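Enquirer: After the structure tokens below, expect a handful of questions from me.
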Amino acid sequence: MCRLALKTANEPFSPYTVLTAMEAMKEGYDGSGLGILLRGMEFEDFKYNPKFPILSGIAHSEKAWHRLDDFMESRGYDLKYDHKFAMRRDLIESKDRFRYFVRAYRMPDHFSDSTQEAKDEELMLTRLALRKDGEEHGDDLTVYSFWPDVTVIKEVGWPLQVGDILSLHDGQIKSRVCMAQGRQNTNYGINLYACHPFFLQGIATMTNGENTAFVPIRDWLLGKDFPGYMGYQSDSEVFAHILHYTLKKLNLPLQAYKHIITPLSTKELAAHPQGEFLMGLRSVCRRLIIDGPNTVIGTLPDETCLLVMDQKKMRPATVGGRPGEWAIASEMCGVDAMIPDRDPSLDFQPMREHTIIVPPDRKELTIWSQYDPYPLPQAA
Amino acid sequence: MVSVRPVSVTPGSLTYSDIPWIIEHREDRCTLCGHCTSVCPKNSIYLAHRRQRMPKLDIANKNRGNEYRTFTGIRQKTTMANACIGCGMCSMVCPNEAIGPVPNTNEHRSLFFHNQKGEPRKRGGRRNAPGPTLLDRILFDRISMLTDPALDAGRHEFNVTTTLGRVLAPEEFLKRTVSGGWIPPTREIFPFVIGSMSFGALSPNMWLGLLQGVAYCNEILGIPVVMCTGEGGCPPWVLRSKYLKYLVLQIASGYFGWDEIIRAIPEMQCDPAAIEIKYGQGAKPGDGGLLMWFKVSKMIARLRGVPEGVDLPSPPVHQTLYSIEESVMKMIQTLSMAFNHKVPVYPKISASTSSKSVLNNLVRNPYAGGLVIDGIDGGTGAAYNVSMDATGHPIASNVRECYLDLVAQGKQNEIPIFAAGGIGKNGNVAQNGMALIMLGASGVHIGKYVMQAAAGCLGSEKNRCNVCNVGICPKGITSQNPKLYRRLDPDLVAERVADIILSIQTEAKKIMAPLGRSQSLPIGMSDALGINDKDAADRLQIKYVC
């Protein structure tokens with residue numbers, strides 16, 4: 001089982017904070033990998049404009065590195081910042097890591113008048129084109145994200161060691177939201193892309209557990225013919241894509257996510273104020289019902305953070321903190337490590353019907369229950 | 001001395017060792033009560049007085065002579081009309097275990113004489129192909145227990161229901177919710193549907209016993225089982241009762257029973273579960289329904305609006321059929337409209353290489369509520385033997401192909417496919433059904449299995465009994481003769497229906513739990529399936545395991 005940690009704070013903090021939480025929870029996982037997503041970026045040596053999309057990933061060879069450069073240039077992207085990690089190469093297990101990159105670009109000029117959708121699509125297609133390019137060249141280029149204000153790092157190895165490789169403790173790179181997961185996906189083969197968090201157009205989730213309904217969900221998402229619904233090296237990647245589908249394709253509020261992945265039973269819906277609508281939603285989104293034990297932790301482009309449980313609450317999770325600073329982790333000791341000076345008696349462990357939402361203002365948690373009336377802006 | 005020929009031998013003469021079933025009678029146990037001869041549905045056996053010569057040699061007196069013993073024994077008739085069918089009723093009623101049929105292991109010659117008077121063999125039952133089916137060989141091999149906490153089939157909550165009816169794409173559903181548009185009706189049902197067996201094919205006691213069992217499952221056990229009427233309507237009181245909601249009304253090419261149904265519409269207390277339009281049947285593809293004259297009793301004649309005692313062969317196609325597009329579209333739309341667009345309407349076809357084209361046609365028909373595909377192993381009340389044994393397509397690959405076709409279009413949630421034909425043929429009903437569900441079916445229809453399990457139907461794929469067509473069912477399941485169907489207690493049938501459904505539900509949970517599935521039926525979860533046959537694995541796109 002993997003361990004998950006997320007911290008969100010008004011003041012940018014070092015991702016190392018979250019790695020210490022991973023270390024605190026080390027008894028629970030095999031430390032086979034680390035995936036980390038930062039949002040709300042701050043660089044020590046660069047005044048970052050949060051409009052600039054950041055490309056993050058690994059170039060495994062110099063050739064790939066040059067190809068990446070050429071590709072971005074030919075597509076009209078203007079490099080504004082190229083973050084250089086202070087590397088401890090002696091700690092790297094794999095020998096083919098030429099360059100870990102975090103690069104901020106200015107979008108091509110002709111996108112200045114484009115709609116947000118067009119820009120979002122362009123960013124996704126650029127990322128996918130680079131990913132494809134890497135796959136066509138013997139996996140020599142791995143691209144995790146290309147999105148404003150977001151950085152993703154994934155690497156094989158013990159989380160703290162990965163942090164040391166990239167000197168994440170040096171304060172060069174900070175963020176307001178940081179989510180991390182420790183352990184490579186081992187159900188469907190080791191692959192850098194298979195590590196959580198999964199990312200699509202600003203939406204990211206990570207999960208501990210196993211999504212036993214993976215194959216039917218994957219088949220359905222692939223049938224949507226949306227270029228971003230791809231990959232699926234991990235059974236948990238569909239959680240991110242379902243959240244993307246809920247918010248961006250169906251334009252439903254965040255609360256709908258829980259109703260889609262773990263709908264209430266017919267009996268429960270019969271007593272629900274919007275039971276009829278939700279029963280219809282359950283039926284049309286039936287192929288997106290997840291199964292198995294899962295804690296899903298996610299973040300959205302506006303820095304909202306969320307936590308939902310599987311329908312049987314078969315995985316633990318705790319959220320704690322104080323106004324301005326919140327931590328979510330799969331173990332209580334993870335929350336302790338990230339915000340030690342909070343009041344732990346106010347910690348909350350969500351049950352099967354809950355969605356925890358930390359809004360962008362981070363003033364207080366929303367504990368939303370599936371039994372609560374469902375917000376219906378579109379379908380009232 | 002010229003020998004006496006007591007028996008004439010003609011080209012069509014058969015002896016008891018030519019008949020598929022040989023009656024073994026033990027005279028030392030027989031009490032001559034006559035129960036066996038009176039119960040035999042084929043009049044195959046009779047009491048006979050025999051004389052036996054007992055040679056008597058008195059050597060001392062040099063006398064040679066004979067004594068004669070007479071005895072009464074049970075004998076087997078050897079004419080085709082009276083050939084034993086192996087039903088075993090004689091042994092069931094024998095108080096002394098003195099009699100019973102045994103399968104004839106010879107290559108019995110009766111096979112060449114099934115065409116008396118130029119009429120090829122007709123029978124009931126299903127394809128005579130004994131042995132494990134492909135479905136029996138599928139294993140559920142993706143066990144989650146070691147990677148994650150196991151589910152407990154006995155204690156955890158499981159959702160073992162499926163959706164019947166057209167499901168919109170989520171985007172379209174939201175659009176119509178906002179605009180107040182028509183949302184096609186759906187039903188949450190138990191994925192094992194009691195398949196279409198008509199009131200007529202089944203005796204009144206059997207049919208009503210099934211309905212009683214279905215109602216019990218719904219109202220007492222809380223399991224939303226539905227059953228399909230088959231072609232032939234249903235009793236008028238049922239149409240006007242609250243039980244109608246558990247029934248799928250079938251319309252087939254003979255339209256039998258639909259006068260009553262249409263007349264009852266204004267008086268219906270509730271909507272039926274669905275409407276099934278039968279275009280084909282797995283047991284006899286390309287052939288219409290057939291109720292032979294033996295079974296067209298006064299009651300059946302009244303229900304179907306026909307004279308008594310005439311054959312009722314439904315045409316192979318619907319009279320309106322000009323092209324599949326036109327027929328399917330018009331019929332579905334008409335029937336949907338007849339029930340105010342509040343009842344799912346779906347077609348049933350026989351599995352064939354053309355199933356996909358029907359399916360693709362339905363995908364574009366906004367009123368189509370699903371598709372039932374019936375495979376070659378499906379049962380029937382009456383069909384030509386050649387249709388049953390040799391015509392049709394096995395269900396597994398057909399359903400899989402159709403499902404994958406929907407997957408390619410991203411429509412697999414929109415048109416539910418129900419599979420039928422041979423599910424539970426060897427008793428493994430839950431395993432067979434769940435395998436089909438993981439191959440992509442939304443649910444399955446079971447008919448013959450229900451007859452066998454709920455009413456003790458004696459038919460088998462070794463060609464036992466299988467006389468459903470001629471109304472002499474010795475258990476009273478498929479007979480319209482009150483003397484026969486009174487043998488069947490509807491209450492006991494209902495009890496067995498509840499037993500069957502409860503145990504299927506438990507077994508389904510026992511299959512789902514180790515796979516880590518409990519939230520929704522594992523439709524299309526093909527990663528959980530394996531088979532020890534490389535060719536079948538390739539064809540079904542599942543794992544080859546050995």
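Letters A, B, ... mark the chains of the structure tokens in the order given; residue numbers begin at 1 per chain; ligand numbers begin at 1, in order shown.
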Counting only C-alpha atoms, which residues of chain A come no farther than 8 Å from chain B, as a PyMOL selection string?
Expert: chain A and resi 1+209-210+212-213+215-216+219-224+249-250+262+280-281+283-287+289-293+311+314+378-380
Enquirer: Restrict the selected residues to C-alpha atoms and save them as a short mmCIF file (atom, residue, chain, number, x, y, z; two decimals), in the first residue's frame.
Expert:
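Here's the written file part-v3.cif:
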```cif
data_model
loop_
_atom_site.label_atom_id
_atom_site.label_comp_id
_atom_site.auth_asym_id
_atom_site.auth_seq_id
_atom_site.Cartn_x
_atom_site.Cartn_y
_atom_site.Cartn_z
CA MET A 1 0.00 0.00 0.00
CA GLY A 209 -5.11 1.36 -2.90
CA GLU A 210 -6.28 -0.60 -5.82
CA THR A 212 -10.40 -3.08 -9.09
CA ALA A 213 -12.83 -1.58 -11.59
CA VAL A 215 -10.33 -2.03 -16.88
CA PRO A 216 -14.00 -1.18 -17.54
CA ASP A 219 -12.20 1.19 -21.64
CA TRP A 220 -14.95 3.75 -21.20
CA LEU A 221 -12.61 6.73 -20.91
CA LEU A 222 -10.65 5.61 -23.97
CA GLY A 223 -13.95 5.54 -25.85
CA LYS A 224 -14.40 9.27 -25.16
CA LYS A 249 -16.52 17.83 -19.53
CA LEU A 250 -19.70 17.67 -17.49
CA THR A 262 -19.04 6.01 -5.24
CA GLY A 280 -29.95 9.36 -13.18
CA LEU A 281 -26.38 10.55 -12.76
CA SER A 283 -26.91 5.39 -14.16
CA VAL A 284 -25.28 7.50 -16.90
CA CYS A 285 -21.92 7.45 -15.14
CA ARG A 286 -22.18 3.82 -14.09
CA ARG A 287 -18.96 2.90 -15.89
CA ILE A 289 -17.96 3.75 -10.43
CA ILE A 290 -14.69 2.83 -8.77
CA ASP A 291 -14.17 -0.21 -6.63
CA GLY A 292 -11.70 -1.50 -4.11
CA PRO A 293 -10.05 0.30 -1.23
CA GLN A 311 -17.40 3.57 -0.57
CA MET A 314 -11.29 0.68 3.53
CA GLN A 378 -26.92 23.72 -13.79
CA ALA A 379 -29.57 21.23 -13.13
CA ALA A 380 -31.66 22.72 -10.38
#
```
Enquirer: Could you give me, as number ranges by chain, each residue of stretch 85-332 of chain A that DSSP assigns to strand (DSSP E or B) when run on this structure's backbone?
Expert: A: 99-106, 141-148, 150-156, 173-182, 198-200, 203-209, 294-299, 305-309, 318-322, 325-329
Enquirer: For atom CA of B:Tyr384 and atom CA of B:Lys284, determine how far apart the two atoms are, in Å to one decimal place.
Expert: 7.7 Å
Enquirer: Between B:Gln76, B:Thr353, B:Gln480, B:Asn385, which has the minimum distance to B:Asn466 (counting only C-alpha atoms)?
Expert: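 Looking at the shortest contact to B:Asn466, the residue is B:Asn385.
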Enquirer: Would you mind listing what lies within 7 Å of A:Leu192 as a list in words, with only C-alpha atoms counted and same-chain residues fewer than 3 positions away left out?
Expert: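 In the requested form, the answer reads Lys154, Glu155 and Cys195 of chain A.
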Enquirer: Restricting the output to C-alpha atoms, write the selected residues as a PDB file, in the first residue's frame.
Expert:
```
ATOM      1  CA  LYS A 154       8.559  11.362 -10.363  1.00  0.00           C
ATOM      2  CA  GLU A 155      11.461   9.075  -9.696  1.00  0.00           C
ATOM      3  CA  CYS A 195       3.667   6.827 -10.304  1.00  0.00           C
TER       4      CYS A 195
END
```
Enquirer: Residues within 7 Å of B:Leu247, please, as a PyMOL selection string. Count only C-alpha atoms; anything in the same chain fewer than 2 positions from it doesn't count.
Expert: chain B and resi 226-229+244-245+249+272-273
Enquirer: Out of stretch 8-210 of chain B, which residues get alpha helix (DSSP H) from DSSP, as an mmCIF file with N, CA and C atoms, in the first residue's frame?
Expert:
```cif
data_model
loop_
_atom_site.group_PDB
_atom_site.id
_atom_site.type_symbol
_atom_site.label_atom_id
_atom_site.label_comp_id
_atom_site.auth_asym_id
_atom_site.auth_seq_id
_atom_site.Cartn_x
_atom_site.Cartn_y
_atom_site.Cartn_z
ATOM 1 N N HIS B 35 -47.987 -48.707 -11.349
ATOM 2 C CA HIS B 35 -47.727 -47.265 -11.332
ATOM 3 C C HIS B 35 -46.864 -46.841 -12.514
ATOM 4 N N CYS B 36 -45.856 -47.635 -12.814
ATOM 5 C CA CYS B 36 -44.916 -47.250 -13.877
ATOM 6 C C CYS B 36 -45.612 -47.184 -15.222
ATOM 7 N N THR B 37 -46.412 -48.161 -15.510
ATOM 8 C CA THR B 37 -47.049 -48.170 -16.829
ATOM 9 C C THR B 37 -48.046 -47.032 -16.962
ATOM 10 N N SER B 38 -48.667 -46.679 -15.864
ATOM 11 C CA SER B 38 -49.659 -45.607 -15.999
ATOM 12 C C SER B 38 -48.997 -44.237 -16.041
ATOM 13 N N VAL B 39 -47.806 -44.086 -15.478
ATOM 14 C CA VAL B 39 -47.179 -42.765 -15.468
ATOM 15 C C VAL B 39 -46.371 -42.520 -16.742
ATOM 16 N N MET B 89 -39.581 -41.446 -15.061
ATOM 17 C CA MET B 89 -40.755 -41.348 -14.188
ATOM 18 C C MET B 89 -41.104 -42.704 -13.602
ATOM 19 N N CYS B 90 -40.884 -43.785 -14.398
ATOM 20 C CA CYS B 90 -41.206 -45.124 -13.901
ATOM 21 C C CYS B 90 -40.439 -45.424 -12.620
ATOM 22 N N SER B 91 -39.153 -45.064 -12.614
ATOM 23 C CA SER B 91 -38.401 -45.355 -11.391
ATOM 24 C C SER B 91 -38.804 -44.421 -10.262
ATOM 25 N N MET B 92 -39.239 -43.196 -10.637
ATOM 26 C CA MET B 92 -39.632 -42.265 -9.581
ATOM 27 C C MET B 92 -40.882 -42.731 -8.845
ATOM 28 N N VAL B 93 -41.780 -43.399 -9.569
ATOM 29 C CA VAL B 93 -43.030 -43.803 -8.911
ATOM 30 C C VAL B 93 -42.965 -45.237 -8.381
ATOM 31 N N PRO B 170 -23.491 10.836 -20.496
ATOM 32 C CA PRO B 170 -23.635 11.781 -19.377
ATOM 33 C C PRO B 170 -23.904 13.224 -19.836
ATOM 34 N N GLU B 171 -23.221 13.649 -20.883
ATOM 35 C CA GLU B 171 -23.404 15.025 -21.366
ATOM 36 C C GLU B 171 -24.852 15.246 -21.796
ATOM 37 N N GLU B 172 -25.389 14.265 -22.515
ATOM 38 C CA GLU B 172 -26.753 14.377 -23.022
ATOM 39 C C GLU B 172 -27.754 14.336 -21.868
ATOM 40 N N PHE B 173 -27.460 13.511 -20.877
ATOM 41 C CA PHE B 173 -28.344 13.414 -19.704
ATOM 42 C C PHE B 173 -28.454 14.770 -19.015
ATOM 43 N N LEU B 174 -27.309 15.436 -18.843
ATOM 44 C CA LEU B 174 -27.328 16.731 -18.157
ATOM 45 C C LEU B 174 -28.064 17.768 -18.997
ATOM 46 N N LYS B 175 -27.820 17.697 -20.293
ATOM 47 C CA LYS B 175 -28.483 18.650 -21.185
ATOM 48 C C LYS B 175 -29.995 18.491 -21.090
ATOM 49 N N ARG B 176 -30.440 17.241 -21.134
ATOM 50 C CA ARG B 176 -31.890 17.020 -21.093
ATOM 51 C C ARG B 176 -32.466 17.301 -19.705
ATOM 52 N N THR B 177 -31.660 17.095 -18.672
ATOM 53 C CA THR B 177 -32.148 17.409 -17.324
ATOM 54 C C THR B 177 -32.429 18.902 -17.220
ATOM 55 N N VAL B 178 -31.524 19.699 -17.781
ATOM 56 C CA VAL B 178 -31.691 21.153 -17.727
ATOM 57 C C VAL B 178 -32.879 21.578 -18.590
ATOM 58 N N SER B 179 -32.975 20.991 -19.789
ATOM 59 C CA SER B 179 -34.017 21.459 -20.704
ATOM 60 C C SER B 179 -35.348 20.748 -20.488
ATOM 61 N N PRO B 204 -49.922 -23.682 -16.831
ATOM 62 C CA PRO B 204 -50.331 -22.592 -15.934
ATOM 63 C C PRO B 204 -49.681 -22.701 -14.562
ATOM 64 N N ASN B 205 -49.560 -23.901 -14.040
ATOM 65 C CA ASN B 205 -48.971 -24.055 -12.706
ATOM 66 C C ASN B 205 -47.509 -23.641 -12.691
ATOM 67 N N MET B 206 -46.794 -23.973 -13.742
ATOM 68 C CA MET B 206 -45.379 -23.608 -13.817
ATOM 69 C C MET B 206 -45.235 -22.095 -13.945
ATOM 70 N N TRP B 207 -45.987 -21.531 -14.870
ATOM 71 C CA TRP B 207 -45.856 -20.108 -15.162
ATOM 72 C C TRP B 207 -46.223 -19.269 -13.935
ATOM 73 N N LEU B 208 -47.334 -19.646 -13.307
ATOM 74 C CA LEU B 208 -47.756 -18.862 -12.141
ATOM 75 C C LEU B 208 -46.843 -19.112 -10.942
ATOM 76 N N GLY B 209 -46.300 -20.316 -10.858
ATOM 77 C CA GLY B 209 -45.320 -20.601 -9.794
ATOM 78 C C GLY B 209 -44.098 -19.717 -9.949
ATOM 79 N N LEU B 210 -43.658 -19.560 -11.202
ATOM 80 C CA LEU B 210 -42.505 -18.680 -11.454
ATOM 81 C C LEU B 210 -42.828 -17.247 -11.052
#
```
Enquirer: Atom CA of B:Glu97 to atom CA of B:Asn82: how many Å, to one decimal?
Expert: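 That distance, rounded to one decimal, is 22.4 Å.
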